[in-house]
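**Student:** First the structure, which I've put down as structure tokens, then a few questions once you've had a look.
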Amino acid sequence: METQEKIFERDNANYLPVFNRYKIVLDSGDGVYLYDLNGKKYLDFLAGIAVNVLGHNYKPLVDAISNQAAKVIHVSNLYYTEPQANAAAKLVKLSGLDRVFFANSGAEANEGALKIARKYAKNFSADKVQIITAWDSFHGRTLATLTATGQPHYQEGLEPLPQGFDYVHFNDIAELEEKISDKTCAVMLEPIQGEGGVYPPKADYLKKVRNLCDKYNALLIFDEIQSGIGRSGKFFAYEKFGVKPDIVTLAKGLAGGVPIGAFICTEEVAKAFKPGDHGTTFGGNPLACAAANVVLDTIPNEKFLSHVEEVGKYFKDKLLELQKKYPEQIIDVRSEGLILGAEINTEKKSGVDIVNSAMERGAIINCTVGKVLRFIPPLTIEKKHVDEVINILDAIFAD
Ligand SMILES: *Cc1c(COP(=O)(O)O)cnc(C)c1O
């Protein structure tokens, strides 16, 4: 077998160096654990960035993918397939919306949502084009979605950017009230900001956003690529906050690790697109949809979702205990279900150091925006796995 060093070397010589990679070669997975090429075991509290919602090597998912691959992997969207028809029907039922489009990634799902919103707004006036998003948001890496992303460092050097985007601070309703008008085509928000540092919405913030959108005939788009698929303890985080969007986007966990994205919209919005107005070669192919169907049959049931809620609450309590023990190192703890953030004092220890030290001790965790430890584990984790990561963090903070 090849050594990890040989693989680092070959990859570094050939792959576009856009990722700061950790020095391990991940080779296999089982449940909530991953193994590197040397056989070292890691508790996985990143789940491929909120993707492996059912953990690794989950038998029903592996079987569905293998069976579908043996049958047919891909056919063109010019034809119907049963896996796609089934997955779309499930998403319509779960969302309370009317129409689904499948893409291959989060960015693509958002790109489609923005396109249909722009087209829909043309029903009202030619200059109803403004799209309002939040600072510290993350919506993807295509030119339109990185423009929607309210973090300038993703945009620098890529100008000219698509026009019509404006930004407000998440949770600041007064600022939105100032910026929104009849010229606003859509407001796009993550109901829980993920990449930007795990920020849940303040009480009634999203309801007030909904009301403002209604007042100005602007569409409300929720990017649930990270917060959706059961992560918050509800299938869609918006159910938790009692606010229904006009369009919702999904990706990440939707097919448990097979690339997929989706936007779901109301019938009224759907009418803005005619045949030929949007498309994709791969999006929602039988392989991806067969995988999605397993996720959609597993996660949206009461028992599964209450497990997420319960383990999430246990995890939060443990992080709060840790904060009590190390008040100078942990500044804040924020969470909804199984998306949790622990903001750290980087003057004591840097995020990179904590993540590296956790990796040495056998846990994969993540630090976002340089100062928030973000935990987005498989939704199948149990309390004993929480204890395992908490013990590792305790040892790191004590060090
Ligand atoms: C990850 C993410 C995206 C982008 O998804 P890709 O599949 O990487 O294109 C968009 N929005 C949110 C909220 C995300 O977390």
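In the structure tokens, the first chain shown is A, the next is B, and so on; residue numbers restart at 1 for each chain, and ligands run from 1 in the order shown.
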All residues within 8 Å of ligand 1 are required, counting only C-alpha atoms and all ligand atoms; please report them as number ranges by chain.
**Tutor:** A: 49, 104-110, 137-142, 145, 190, 193-195, 223-227, 251-252, 259-261
**Student:** Contacts of Glu321 of chain A at 12 Å or less, counting only C-alpha atoms, minus same-chain residues fewer than 2 places along, as a PyMOL selection string?
**Tutor:** chain A and resi 314-319+323-327+330+332-333+342+387+390-391+393-394
**Student:** Mind writing the picked residues with N, CA, C and O atoms as a short mmCIF file (atom, residue, chain, number, x, y, z; two decimals), in the first residue's frame?
**Tutor:**
data_model
loop_
_atom_site.label_atom_id
_atom_site.label_comp_id
_atom_site.auth_asym_id
_atom_site.auth_seq_id
_atom_site.Cartn_x
_atom_site.Cartn_y
_atom_site.Cartn_z
N TYR A 314 -28.26 17.76 24.46
CA TYR A 314 -27.22 17.18 25.32
C TYR A 314 -25.85 17.78 25.00
O TYR A 314 -25.09 18.17 25.88
N PHE A 315 -25.57 17.88 23.70
CA PHE A 315 -24.30 18.42 23.22
C PHE A 315 -24.16 19.88 23.66
O PHE A 315 -23.12 20.30 24.17
N LYS A 316 -25.24 20.65 23.49
CA LYS A 316 -25.18 22.06 23.87
C LYS A 316 -24.89 22.20 25.37
O LYS A 316 -24.06 23.01 25.78
N ASP A 317 -25.60 21.41 26.18
CA ASP A 317 -25.37 21.46 27.63
C ASP A 317 -23.92 21.14 27.97
O ASP A 317 -23.32 21.78 28.83
N LYS A 318 -23.35 20.16 27.28
CA LYS A 318 -21.96 19.79 27.53
C LYS A 318 -21.00 20.92 27.13
O LYS A 318 -20.00 21.17 27.80
N LEU A 319 -21.33 21.59 26.02
CA LEU A 319 -20.48 22.72 25.60
C LEU A 319 -20.59 23.88 26.59
O LEU A 319 -19.61 24.55 26.88
N GLN A 323 -17.77 25.65 28.73
CA GLN A 323 -17.59 27.11 28.77
C GLN A 323 -17.44 27.59 30.21
O GLN A 323 -16.63 28.47 30.51
N LYS A 324 -18.23 26.98 31.12
CA LYS A 324 -18.13 27.32 32.55
C LYS A 324 -16.75 26.99 33.09
O LYS A 324 -16.20 27.71 33.91
N LYS A 325 -16.21 25.88 32.60
CA LYS A 325 -14.90 25.42 33.07
C LYS A 325 -13.77 26.27 32.47
O LYS A 325 -12.76 26.49 33.12
N TYR A 326 -13.96 26.71 31.24
CA TYR A 326 -12.91 27.49 30.55
C TYR A 326 -13.48 28.81 30.02
O TYR A 326 -13.49 29.05 28.82
N PRO A 327 -13.97 29.67 30.94
CA PRO A 327 -14.66 30.90 30.49
C PRO A 327 -13.75 31.84 29.70
O PRO A 327 -14.24 32.66 28.93
N ILE A 330 -13.69 29.87 25.96
CA ILE A 330 -14.94 29.75 25.18
C ILE A 330 -15.81 30.97 25.48
O ILE A 330 -16.25 31.19 26.60
N ASP A 332 -18.69 31.97 23.63
CA ASP A 332 -20.13 31.86 23.40
C ASP A 332 -20.44 30.48 22.82
O ASP A 332 -19.59 29.89 22.14
N VAL A 333 -21.63 29.99 23.10
CA VAL A 333 -22.09 28.72 22.54
C VAL A 333 -23.44 28.98 21.88
O VAL A 333 -24.34 29.55 22.50
N ALA A 342 -19.07 26.91 18.91
CA ALA A 342 -18.46 27.39 20.15
C ALA A 342 -17.44 28.44 19.75
O ALA A 342 -16.43 28.13 19.11
N ASP A 387 -19.86 12.72 24.30
CA ASP A 387 -18.92 12.63 25.42
C ASP A 387 -17.48 12.50 24.92
O ASP A 387 -16.56 13.11 25.47
N ILE A 390 -16.30 15.85 23.64
CA ILE A 390 -16.18 16.79 24.77
C ILE A 390 -14.92 16.48 25.59
O ILE A 390 -14.18 17.39 25.98
N ASN A 391 -14.63 15.21 25.79
CA ASN A 391 -13.41 14.83 26.52
C ASN A 391 -12.16 15.29 25.79
O ASN A 391 -11.20 15.75 26.40
N LEU A 393 -12.02 17.87 23.70
CA LEU A 393 -11.97 19.33 23.81
C LEU A 393 -11.49 19.74 25.20
O LEU A 393 -10.67 20.67 25.35
N ASP A 394 -11.97 19.05 26.21
CA ASP A 394 -11.58 19.33 27.58
C ASP A 394 -10.06 19.22 27.72
O ASP A 394 -9.39 20.11 28.28
#
**Student:** I'd like the neighbourhood of Lys208 of chain A as a PyMOL selection string, where a residue qualifies if any of its atoms comes within 12 Å (using only C-alpha atoms), though same-chain residues fewer than 3 positions away should be ignored.
**Tutor:** chain A and resi 171-177+201-205+211-215+220+241-244
**Student:** According to DSSP computed on the backbone, where in segment 77-324 of chain A is there helix (DSSP H, G or I)? Give the residues as JSON, numbers by chain.
**Tutor:** {"A": [82, 83, 84, 85, 86, 87, 88, 89, 90, 91, 92, 93, 94, 95, 106, 107, 108, 109, 110, 111, 112, 113, 114, 115, 116, 117, 118, 119, 120, 121, 143, 144, 145, 146, 147, 148, 152, 153, 154, 173, 174, 175, 176, 177, 178, 179, 205, 206, 207, 208, 209, 210, 211, 212, 213, 214, 215, 237, 238, 239, 240, 241, 252, 253, 254, 255, 267, 268, 269, 270, 286, 287, 288, 289, 290, 291, 292, 293, 294, 295, 296, 297, 298, 302, 303, 304, 305, 306, 307, 308, 309, 310, 311, 312, 313, 314, 315, 316, 317, 318, 319, 320, 321, 322, 323, 324]}
**Student:** Distance atom CA of Gln151 of chain A-atom CA of Ile247 of chain A, one decimal place?
**Tutor:**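 Rounded to one decimal, the two atoms are 22.6 Å apart.
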**Student:** Considering only C-alpha atoms, can you say which of A:Glu268, A:Asp11, A:Glu343, A:Glu360 comes closest to Lys119 of chain A?
**Tutor:**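 Among the listed residues, the smallest separation from Lys119 of chain A belongs to A:Glu268.
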**Student:** Under the rule that only C-alpha atoms are counted, which of A:Asn57, A:Thr380, A:Ser232, A:Asn356 is the nearest residue to Gly29 of chain A?
**Tutor:** A:Asn57
**Student:** Return the single residue from A:Val92, A:Ala47, A:Leu97, A:Leu219 that is closest to Val129 of chain A, with distances computed using only C-alpha atoms.
**Tutor:**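 Distance minimum relative to Val129 of chain A lands on A:Leu219.
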**Student:** Looking at only C-alpha atoms, which of A:Leu287, A:Leu161, A:Ile365, A:Leu114 is the one that sits closest to Leu189 of chain A?
**Tutor:**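 When distances to Leu189 of chain A are compared using only C-alpha atoms, the smallest one comes from A:Leu114.
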**Student:** Would you mind listing what lies within 7 Å of Asp27 of chain A as a VMD selection string, with only C-alpha atoms counted and same-chain residues fewer than 4 positions away left out?
**Tutor:** chain A and resid 35 to 37
**Student:** How about saving the chosen residues, all heavy atoms kept, as an mmCIF file, in the first residue's frame?
**Tutor:**
data_model
loop_
_atom_site.group_PDB
_atom_site.id
_atom_site.type_symbol
_atom_site.label_atom_id
_atom_site.label_comp_id
_atom_site.auth_asym_id
_atom_site.auth_seq_id
_atom_site.Cartn_x
_atom_site.Cartn_y
_atom_site.Cartn_z
ATOM 1 N N TYR A 35 -11.468 6.522 8.853
ATOM 2 C CA TYR A 35 -10.141 5.926 9.026
ATOM 3 C C TYR A 35 -9.203 6.483 7.971
ATOM 4 O O TYR A 35 -9.584 6.616 6.806
ATOM 5 C CB TYR A 35 -10.227 4.402 8.864
ATOM 6 C CG TYR A 35 -11.090 3.761 9.941
ATOM 7 C CD1 TYR A 35 -12.474 3.705 9.792
ATOM 8 C CD2 TYR A 35 -10.517 3.265 11.112
ATOM 9 C CE1 TYR A 35 -13.282 3.157 10.789
ATOM 10 C CE2 TYR A 35 -11.313 2.711 12.108
ATOM 11 C CZ TYR A 35 -12.697 2.661 11.947
ATOM 12 O OH TYR A 35 -13.476 2.129 12.929
ATOM 13 N N ASP A 36 -7.969 6.814 8.398
ATOM 14 C CA ASP A 36 -6.997 7.260 7.401
ATOM 15 C C ASP A 36 -6.226 6.056 6.869
ATOM 16 O O ASP A 36 -6.471 4.912 7.282
ATOM 17 C CB ASP A 36 -6.096 8.384 7.945
ATOM 18 C CG ASP A 36 -5.083 7.924 8.982
ATOM 19 O OD1 ASP A 36 -4.861 6.699 9.137
ATOM 20 O OD2 ASP A 36 -4.500 8.811 9.642
ATOM 21 N N LEU A 37 -5.307 6.361 5.960
ATOM 22 C CA LEU A 37 -4.614 5.274 5.267
ATOM 23 C C LEU A 37 -3.744 4.432 6.203
ATOM 24 O O LEU A 37 -3.443 3.277 5.926
ATOM 25 C CB LEU A 37 -3.754 5.876 4.142
ATOM 26 C CG LEU A 37 -3.617 5.056 2.872
ATOM 27 C CD1 LEU A 37 -4.954 4.650 2.287
ATOM 28 C CD2 LEU A 37 -2.822 5.852 1.845
#
**Student:** Which one is closest to Gln329 of chain A: A:Ala87, A:Ile364, A:Cys265, A:Ala398? Count only C-alpha atoms.
**Tutor:**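 Going through A:Ala87, A:Ile364, A:Cys265, A:Ala398 one by one, the smallest distance to Gln329 of chain A is for A:Ala398.
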